[in-house]
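Trainee: Compact mmCIF, C-alpha atoms, saved as work34.txt, coming up:
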```txt
# COMPACT_ATOMS: atom_id res chain seq x y z
CA MET A 1 13.42 6.82 15.72
CA ALA A 2 17.17 7.05 16.01
CA GLY A 3 18.96 8.48 13.02
CA ALA A 4 15.94 10.44 11.80
CA LYS A 5 17.15 13.83 10.68
CA LEU A 6 13.79 15.00 9.55
CA THR A 7 10.45 13.66 10.65
CA THR A 8 8.02 16.00 8.96
CA CYS A 9 7.84 18.07 5.84
CA PRO A 10 10.22 21.03 6.39
CA ASP A 11 7.97 23.66 4.93
CA PRO A 12 4.60 22.33 3.81
CA GLU A 13 3.83 25.53 1.91
CA ASP A 14 6.86 25.25 -0.28
CA CYS A 15 8.13 21.72 0.03
CA PHE A 16 8.27 20.99 -3.68
CA ARG A 17 10.20 24.05 -4.89
CA ARG A 18 13.27 23.06 -2.96
CA PRO A 19 14.50 19.48 -3.20
CA SER A 20 13.85 17.64 0.02
CA CYS A 21 15.39 14.51 1.43
CA LEU A 22 13.68 12.30 3.97
CA PRO A 23 15.27 9.35 5.77
CA VAL A 24 13.64 5.95 5.88
CA THR A 25 15.19 4.09 8.77
CA ASP A 26 12.05 3.20 10.67
CA GLU A 27 8.77 1.64 9.59
CA HIS A 28 6.90 4.80 10.66
CA HIS A 29 8.94 6.85 8.19
CA VAL A 30 7.02 5.16 5.38
CA GLN A 31 3.93 7.12 6.45
CA ILE A 32 5.89 10.36 6.54
CA VAL A 33 7.41 10.06 3.06
CA ARG A 34 4.06 8.99 1.69
CA ARG A 35 2.36 12.08 3.14
CA HIS A 36 5.20 14.25 1.87
CA ALA A 37 4.72 12.80 -1.62
CA LEU A 38 1.03 13.72 -1.53
CA GLN A 39 1.87 17.28 -0.43
CA CYS A 40 4.40 17.70 -3.22
CA THR A 41 2.13 16.38 -5.95
CA ALA A 42 -0.81 18.43 -4.70
CA GLN A 43 1.30 21.60 -4.87
CA LEU A 44 2.45 20.69 -8.36
CA GLY A 45 -1.19 20.53 -9.43
CA MET A 46 -1.24 16.84 -10.16
CA SER A 47 -4.63 15.15 -10.40
CA ARG A 48 -5.86 13.16 -7.43
CA LEU A 49 -5.33 9.86 -9.19
CA SER A 50 -1.81 10.68 -10.43
CA SER A 51 -0.91 11.90 -6.92
CA HIS A 52 -2.16 8.62 -5.59
CA TYR A 53 -0.02 6.72 -8.09
CA VAL A 54 3.06 8.66 -7.01
CA ALA A 55 2.32 8.19 -3.29
CA THR A 56 1.83 4.45 -3.79
CA ALA A 57 5.12 4.22 -5.71
CA VAL A 58 6.89 6.16 -2.94
CA SER A 59 5.34 3.84 -0.39
CA GLU A 60 6.69 0.81 -2.28
CA LEU A 61 10.18 2.31 -2.47
CA ALA A 62 10.13 3.27 1.21
CA ASN A 63 9.02 -0.22 2.21
CA ASN A 64 11.86 -1.65 0.13
CA LEU A 65 14.35 0.60 1.92
CA PHE A 66 13.07 -0.51 5.29
CA PHE A 67 12.64 -4.23 4.64
CA HIS A 68 15.64 -4.96 2.42
CA THR A 69 18.43 -2.96 4.03
CA SER A 70 19.80 -3.04 7.55
CA ASN A 71 20.40 0.71 7.84
CA GLY A 72 17.51 2.00 5.75
CA GLY A 73 18.03 4.70 3.19
CA GLU A 74 16.64 8.00 2.03
CA ILE A 75 14.15 9.33 -0.48
CA ARG A 76 14.70 12.63 -2.31
CA PHE A 77 11.88 14.63 -3.82
CA CYS A 78 12.61 17.11 -6.53
CA CYS A 79 10.33 19.30 -8.62
CA LEU A 80 11.12 19.17 -12.33
CA ASP A 81 10.42 22.07 -14.63
CA LYS A 82 12.13 21.90 -17.99
CA ALA A 83 11.13 22.54 -21.60
CA GLY A 84 7.54 23.25 -20.65
CA ARG A 85 7.22 20.01 -18.79
CA VAL A 86 6.53 19.90 -15.07
CA GLY A 87 6.90 16.82 -12.93
CA ILE A 88 8.24 15.23 -9.83
CA GLU A 89 11.40 13.19 -9.43
CA ILE A 90 11.81 10.65 -6.69
CA ILE A 91 15.18 9.16 -5.86
CA ALA A 92 15.37 6.26 -3.42
CA GLN A 93 18.90 5.51 -2.36
CA ASP A 94 20.46 3.09 0.07
CA GLU A 95 23.74 1.52 1.00
CA GLY A 96 22.17 -1.87 1.42
CA PRO A 97 23.05 -5.28 0.02
CA GLY A 98 22.24 -4.27 -3.57
CA ILE A 99 20.29 -6.29 -6.10
CA VAL A 100 22.22 -9.09 -7.78
CA ASP A 101 19.79 -9.74 -10.62
CA ILE A 102 17.88 -6.56 -11.48
CA ALA A 103 15.91 -8.19 -14.30
CA ALA A 104 14.65 -10.85 -11.89
CA ALA A 105 13.80 -8.27 -9.24
CA MET A 106 11.67 -6.38 -11.75
CA THR A 107 9.69 -9.48 -12.65
CA ASP A 108 6.24 -9.75 -11.11
CA GLY A 109 6.06 -12.45 -8.52
CA PHE A 110 9.73 -12.20 -7.61
CA SER A 111 10.23 -11.69 -3.90
CA THR A 112 12.94 -12.45 -1.40
CA ASN A 113 10.86 -11.69 1.69
CA GLY A 114 7.67 -13.61 1.03
CA GLY A 115 5.92 -10.54 -0.36
CA LEU A 116 3.76 -10.37 -3.44
CA GLY A 117 6.71 -9.44 -5.62
CA ALA A 118 4.81 -6.67 -7.34
CA GLY A 119 6.79 -3.81 -5.80
CA LEU A 120 9.37 -2.70 -8.36
CA GLY A 121 7.33 -3.71 -11.39
CA GLY A 122 4.43 -1.82 -9.86
CA VAL A 123 6.51 1.31 -9.35
CA ARG A 124 7.58 1.19 -12.99
CA ARG A 125 3.98 0.96 -14.15
CA LEU A 126 2.73 3.70 -11.83
CA MET A 127 5.42 6.21 -12.82
CA ASP A 128 6.31 7.61 -16.27
CA GLU A 129 10.06 7.05 -16.10
CA PHE A 130 12.00 4.51 -14.10
CA GLU A 131 15.74 3.95 -13.73
CA ILE A 132 17.47 1.51 -11.47
CA SER A 133 21.13 0.99 -10.74
CA SER A 134 22.51 -1.36 -8.17
CA LYS A 135 25.84 -2.81 -7.14
CA PRO A 136 25.92 -5.82 -4.84
CA GLY A 137 27.51 -4.83 -1.55
CA ILE A 138 27.40 -1.12 -2.32
CA GLY A 139 23.78 -0.13 -2.66
CA THR A 140 20.85 0.63 -4.87
CA ARG A 141 19.53 3.80 -6.45
CA ILE A 142 16.13 4.07 -8.06
CA ILE A 143 15.00 7.16 -9.92
CA ALA A 144 11.36 7.52 -10.85
CA ARG A 145 9.63 10.47 -12.52
CA LYS A 146 6.05 11.41 -13.15
CA TRP A 147 5.10 14.28 -15.45
CA LEU A 148 2.00 16.42 -15.35
CA THR A 149 -0.36 15.81 -18.24
CA GLU A 150 -1.41 18.65 -20.57
CA ALA A 151 -4.77 18.86 -18.82
CA GLU A 152 -3.16 19.10 -15.39
CA LEU A 153 -0.80 21.83 -16.61
CA CYS A 154 -3.71 23.93 -17.93
CA CYS A 155 -5.67 23.56 -14.70
CA ASP A 156 -2.60 24.49 -12.72
CA ARG A 157 -2.04 27.69 -14.69
CA LYS A 158 -5.65 28.74 -14.43
CA SER A 159 -5.75 28.30 -10.69
CA HIS A 160 -2.66 30.44 -10.08
CA MET B 161 -1.26 -1.02 18.51
CA LYS B 162 -4.16 -3.39 19.08
CA ILE B 163 -6.71 -3.74 16.31
CA ALA B 164 -10.25 -4.24 17.60
CA ILE B 165 -12.17 -7.31 16.43
CA MET B 166 -15.90 -7.02 17.16
CA LYS B 167 -18.42 -9.81 17.23
CA LEU B 168 -21.92 -9.28 15.88
CA GLY B 169 -24.02 -12.41 15.84
CA GLY B 170 -21.74 -15.05 14.38
CA ILE B 171 -19.80 -12.50 12.33
CA LEU B 172 -16.53 -10.80 13.22
CA ILE B 173 -16.04 -7.22 12.09
CA THR B 174 -12.69 -5.51 12.05
CA ALA B 175 -11.14 -2.43 10.46
CA LEU B 176 -7.51 -1.98 9.41
CA PRO B 177 -5.91 1.31 10.48
CA LEU B 178 -3.96 3.64 8.24
CA ASP B 179 -0.57 3.33 9.90
CA LEU B 180 -0.33 -0.44 10.19
CA ILE B 181 3.17 -1.80 10.69
CA ASP B 182 4.38 -5.33 10.08
CA GLU B 183 4.43 -6.31 13.76
CA ASP B 184 0.84 -5.10 14.33
CA ALA B 185 -0.27 -6.96 11.24
CA MET B 186 1.15 -10.25 12.50
CA GLU B 187 -0.50 -9.73 15.89
CA PHE B 188 -3.79 -8.91 14.20
CA GLN B 189 -3.69 -12.06 12.08
CA GLY B 190 -3.07 -14.16 15.18
CA ASP B 191 -5.88 -12.43 17.08
CA LEU B 192 -8.29 -12.86 14.18
CA LEU B 193 -7.70 -16.60 13.98
CA ASN B 194 -8.08 -16.96 17.75
CA GLU B 195 -11.34 -15.00 17.70
CA ILE B 196 -12.74 -17.09 14.85
CA ASN B 197 -11.88 -20.19 16.82
CA ALA B 198 -13.22 -18.90 20.14
CA HIS B 199 -16.56 -17.68 18.77
CA ASP B 200 -17.12 -20.26 16.01
CA ALA B 201 -17.38 -17.30 13.66
CA LYS B 202 -18.93 -18.11 10.31
CA GLY B 203 -17.94 -14.87 8.66
CA VAL B 204 -15.34 -12.10 8.82
CA ILE B 205 -15.62 -8.58 7.47
CA ILE B 206 -12.42 -6.58 7.08
CA ASP B 207 -13.15 -2.90 6.56
CA ILE B 208 -10.37 -0.97 4.79
CA SER B 209 -12.11 2.39 4.39
CA ALA B 210 -9.52 4.07 6.63
CA LEU B 211 -6.72 3.16 4.21
CA ASP B 212 -6.01 5.98 1.76
CA LEU B 213 -3.35 3.92 0.03
CA VAL B 214 -2.72 0.21 -0.52
CA ASP B 215 0.74 -0.75 -1.67
CA SER B 216 1.94 -4.32 -2.25
CA PHE B 217 2.88 -4.61 1.42
CA MET B 218 -0.63 -3.71 2.58
CA ALA B 219 -2.22 -5.80 -0.18
CA ARG B 220 -0.28 -8.77 1.11
CA ILE B 221 -1.51 -8.21 4.68
CA ILE B 222 -5.13 -8.04 3.46
CA ASN B 223 -4.68 -11.11 1.25
CA ASP B 224 -2.96 -13.15 3.93
CA SER B 225 -5.50 -12.23 6.62
CA ALA B 226 -8.41 -13.17 4.37
CA THR B 227 -6.77 -16.42 3.29
CA MET B 228 -5.97 -17.42 6.87
CA ALA B 229 -9.55 -16.76 8.00
CA GLY B 230 -10.79 -18.67 4.95
CA LEU B 231 -8.65 -21.67 5.90
CA LEU B 232 -10.53 -21.86 9.19
CA GLY B 233 -13.74 -22.06 7.21
CA ALA B 234 -14.96 -18.50 7.67
CA GLU B 235 -16.47 -16.53 4.80
CA VAL B 236 -14.40 -13.38 4.32
CA VAL B 237 -15.42 -10.13 2.68
CA VAL B 238 -13.20 -7.04 2.44
CA CYS B 239 -15.14 -3.79 2.22
CA GLY B 240 -14.79 -0.03 1.93
CA MET B 241 -12.01 0.27 -0.64
CA GLN B 242 -11.53 3.87 -1.77
CA PRO B 243 -11.99 4.31 -5.55
CA GLN B 244 -8.44 5.45 -6.34
CA ILE B 245 -7.04 2.34 -4.62
CA GLY B 246 -8.91 0.10 -7.05
CA THR B 247 -7.44 1.96 -10.01
CA THR B 248 -3.93 1.90 -8.55
CA LEU B 249 -3.99 -1.80 -7.74
CA ILE B 250 -5.00 -2.61 -11.31
CA GLU B 251 -2.32 -0.28 -12.68
CA MET B 252 0.34 -1.89 -10.48
CA GLY B 253 -0.44 -5.40 -11.54
CA ARG B 254 -3.26 -7.86 -11.50
CA GLU B 255 -3.97 -10.28 -8.70
CA LEU B 256 -2.68 -7.95 -6.05
CA LEU B 257 -5.93 -8.34 -4.21
CA GLY B 258 -7.46 -11.75 -4.72
CA VAL B 259 -10.16 -11.46 -2.10
CA GLU B 260 -13.91 -11.04 -2.21
CA THR B 261 -14.87 -7.39 -1.82
CA ALA B 262 -17.99 -5.34 -1.16
CA LEU B 263 -18.57 -1.62 -1.55
CA ASN B 264 -19.41 -0.93 2.08
CA LEU B 265 -20.11 -2.54 5.44
CA ASP B 266 -23.87 -2.88 4.77
CA LEU B 267 -23.33 -4.77 1.53
CA ALA B 268 -20.54 -6.85 3.06
CA MET B 269 -22.87 -7.89 5.89
CA ALA B 270 -25.67 -8.75 3.45
CA ARG B 271 -23.25 -10.83 1.35
CA ILE B 272 -21.88 -12.75 4.34
CA LEU B 273 -25.35 -13.42 5.81
CA ALA B 274 -26.57 -14.72 2.44
CA LYS B 275 -23.58 -17.04 2.18
CA VAL B 276 -23.92 -18.33 5.71
CA LYS B 277 -27.64 -18.91 5.14
CA ALA B 278 -26.99 -20.79 1.91
CA GLU B 279 -24.45 -22.96 3.69
CA ASP B 280 -26.84 -23.70 6.54
CA MET B 281 -29.53 -24.70 4.07
CA GLU B 282 -27.10 -26.97 2.28
CA GLN B 283 -26.23 -28.66 5.54
CA ALA B 284 -29.93 -29.01 6.41
CA ASP B 285 -30.57 -30.62 3.02
CA ASP B 286 -27.73 -33.04 3.54
CA GLY B 287 -29.14 -33.93 6.92
CA THR B 288 -32.53 -35.02 5.61
```
Would you mind writing the file's structure down as structure tokens?
Mentor:
Amino acid sequence: MAGAKLTTCPDPEDCFRRPSCLPVTDEHHVQIVRRHALQCTAQLGMSRLSSHYVATAVSELANNLFFHTSNGGEIRFCCLDKAGRVGIEIIAQDEGPGIVDIAAAMTDGFSTNGGLGAGLGGVRRLMDEFEISSKPGIGTRIIARKWLTEAELCCDRKSH
Amino acid sequence: MKIAIMKLGGILITALPLDLIDEDAMEFQGDLLNEINAHDAKGVIIDISALDLVDSFMARIINDSATMAGLLGAEVVVCGMQPQIGTTLIEMGRELLGVETALNLDLAMARILAKVKAEDMEQADDGT
């Protein structure tokens, strides 16, 4: 696990209040970021299903970092709280080969590694907001956000 | 990590672990095909109840494993999918999991035995 700065959640009690950044340079890191995503969403008060959506999206992004770059990348988790809306922001960043044709990469069935080609399109459908920017030879950055629903916000306030 | 493949009658039963990596998956697929061949297995059950999450990578491993076993002529049933995985797979995109599924191991076993029996009867009919 060379190059791993952080292997577990820094402070499980409070991991979502402070932005956290986890490296994905090894296949085992996928498990770690996935677990971290579940911790963050649980603390935010997200429903079990929404948490599962976010964790699956994070898993897709982490797999992409591992399988499509030679040096891996990192995933940042950030809690969003603005204008009465609460959510989670996930930023997957790498200095890999970049994506030449983003539109093609987003299309279902497109894959360069023999996969199902549902990864990026799937992430977009699982999350509420999705932004991608990529420069060939420089790297790729994907930002995805998921907001708490009204019902989840109410439950959260009651339980605190 | 070695994934156990158990033989019960003419059926192979196996369970995928949570932290499966690509290398293990390839080894498992090879082992599964060898076991089917060695035991003349008529059916394979792949239990995925340990998986709390199935992304497109894992879906591909399940799909590929089932397809490979099917190519050797075995009936394949995947069982034990957690409810939220079903919802997520549909949300992500259709046809992520194009395999036959059963709710649990009991039902998967019943399904496979019924299929094998039907096949045997068909063969017996052809023989007469």
Trainee: Contacts of Lys275 in chain B at 10 Å or less, counting all atoms listed in the file, minus same-chain residues fewer than 5 places along, as a ChimeraX atom specification?
Mentor: /B:202-203,235,269-270,280-281
Trainee: Would you give me, as an NGL selection string, the residues of chain A that come within 9 Å of chain B, using only C-alpha atoms?
Mentor: :A and (27-28 or 31 or 48-49 or 52-53 or 55-57 or 59-60 or 63 or 108 or 115-119 or 121-126)
Trainee: Need to verify the contact set: range 76-79 of chain A, 6 Å, all atoms listed in the file, exclusion of same-chain residues closer than 6 positions in sequence. Can you return it as a list in words?
Mentor: Phe16, Pro19, Ser20, Cys21, Ile88, Glu89, Ile90 and Ile91 of chain A
Trainee: What lies within 12 Å of Val204 in chain B using only C-alpha atoms, ignoring chain neighbours under 3 positions off, as a PyMOL selection string?
Mentor: chain B and resi 165-175+192-193+195-197+199-201+207+225-230+232-239+260-261+265+268-269+271-273+275-276
Trainee: Report the distance between CA of Ala104 in chain A and CA of Lys146 in chain A in Å, rounded to one decimal place.
Mentor: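 Spanning CA of Ala104 in chain A to CA of Lys146 in chain A is a straight-line distance of 23.9 Å.
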Trainee: Quick one: distance from CA of Gly45 in chain A to CA of Glu152 in chain A in Å, one decimal?
Mentor: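 We find that CA of Gly45 in chain A and CA of Glu152 in chain A lie 6.4 Å from each other.
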Trainee: Counting all atoms listed in the file, which of A:Met106, A:Leu148, A:Ile99, A:Val33 gets nearest to Ser133 in chain A?
Mentor: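 Using all atoms listed in the file, Ser133 in chain A sits closest to A:Ile99.
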Trainee: Have a look at A:Pro136, A:Glu95, A:Phe130, A:His29 and name the one nearest to Ser70 in chain A; count only C-alpha atoms.
Mentor: A:Glu95
Trainee: To one decimal place, how far is CA of Trp147 in chain A from CA of Arg85 in chain A in Å?
Mentor: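 CA of Trp147 in chain A sits 7.0 Å away from CA of Arg85 in chain A.
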Trainee: Give me the box for range 163-170 of chain B as JSON, namely the centre and edge lengths in Å to one decimal of a box along x, y and z that holds every listed atom plus 5 Å on each side.
Mentor:
```
{"center_x": -15.4, "center_y": -9.4, "center_z": 16.0, "size_x": 27.3, "size_y": 21.3, "size_z": 13.2}
```
Trainee: Might you pull out every residue within 12 Å of Ser134 in chain A, with all atoms listed in the file counted and same-chain residues fewer than 4 positions away left off, and present them as a list in words?
Mentor: Ala92, Gln93, Asp94, Glu95, Gly96, Pro97, Gly98, Ile99, Val100, Asp101, Ile102, Ala103, Ala105, Ile138, Gly139, Thr140, Arg141, Ile142 and Ile143 of chain A
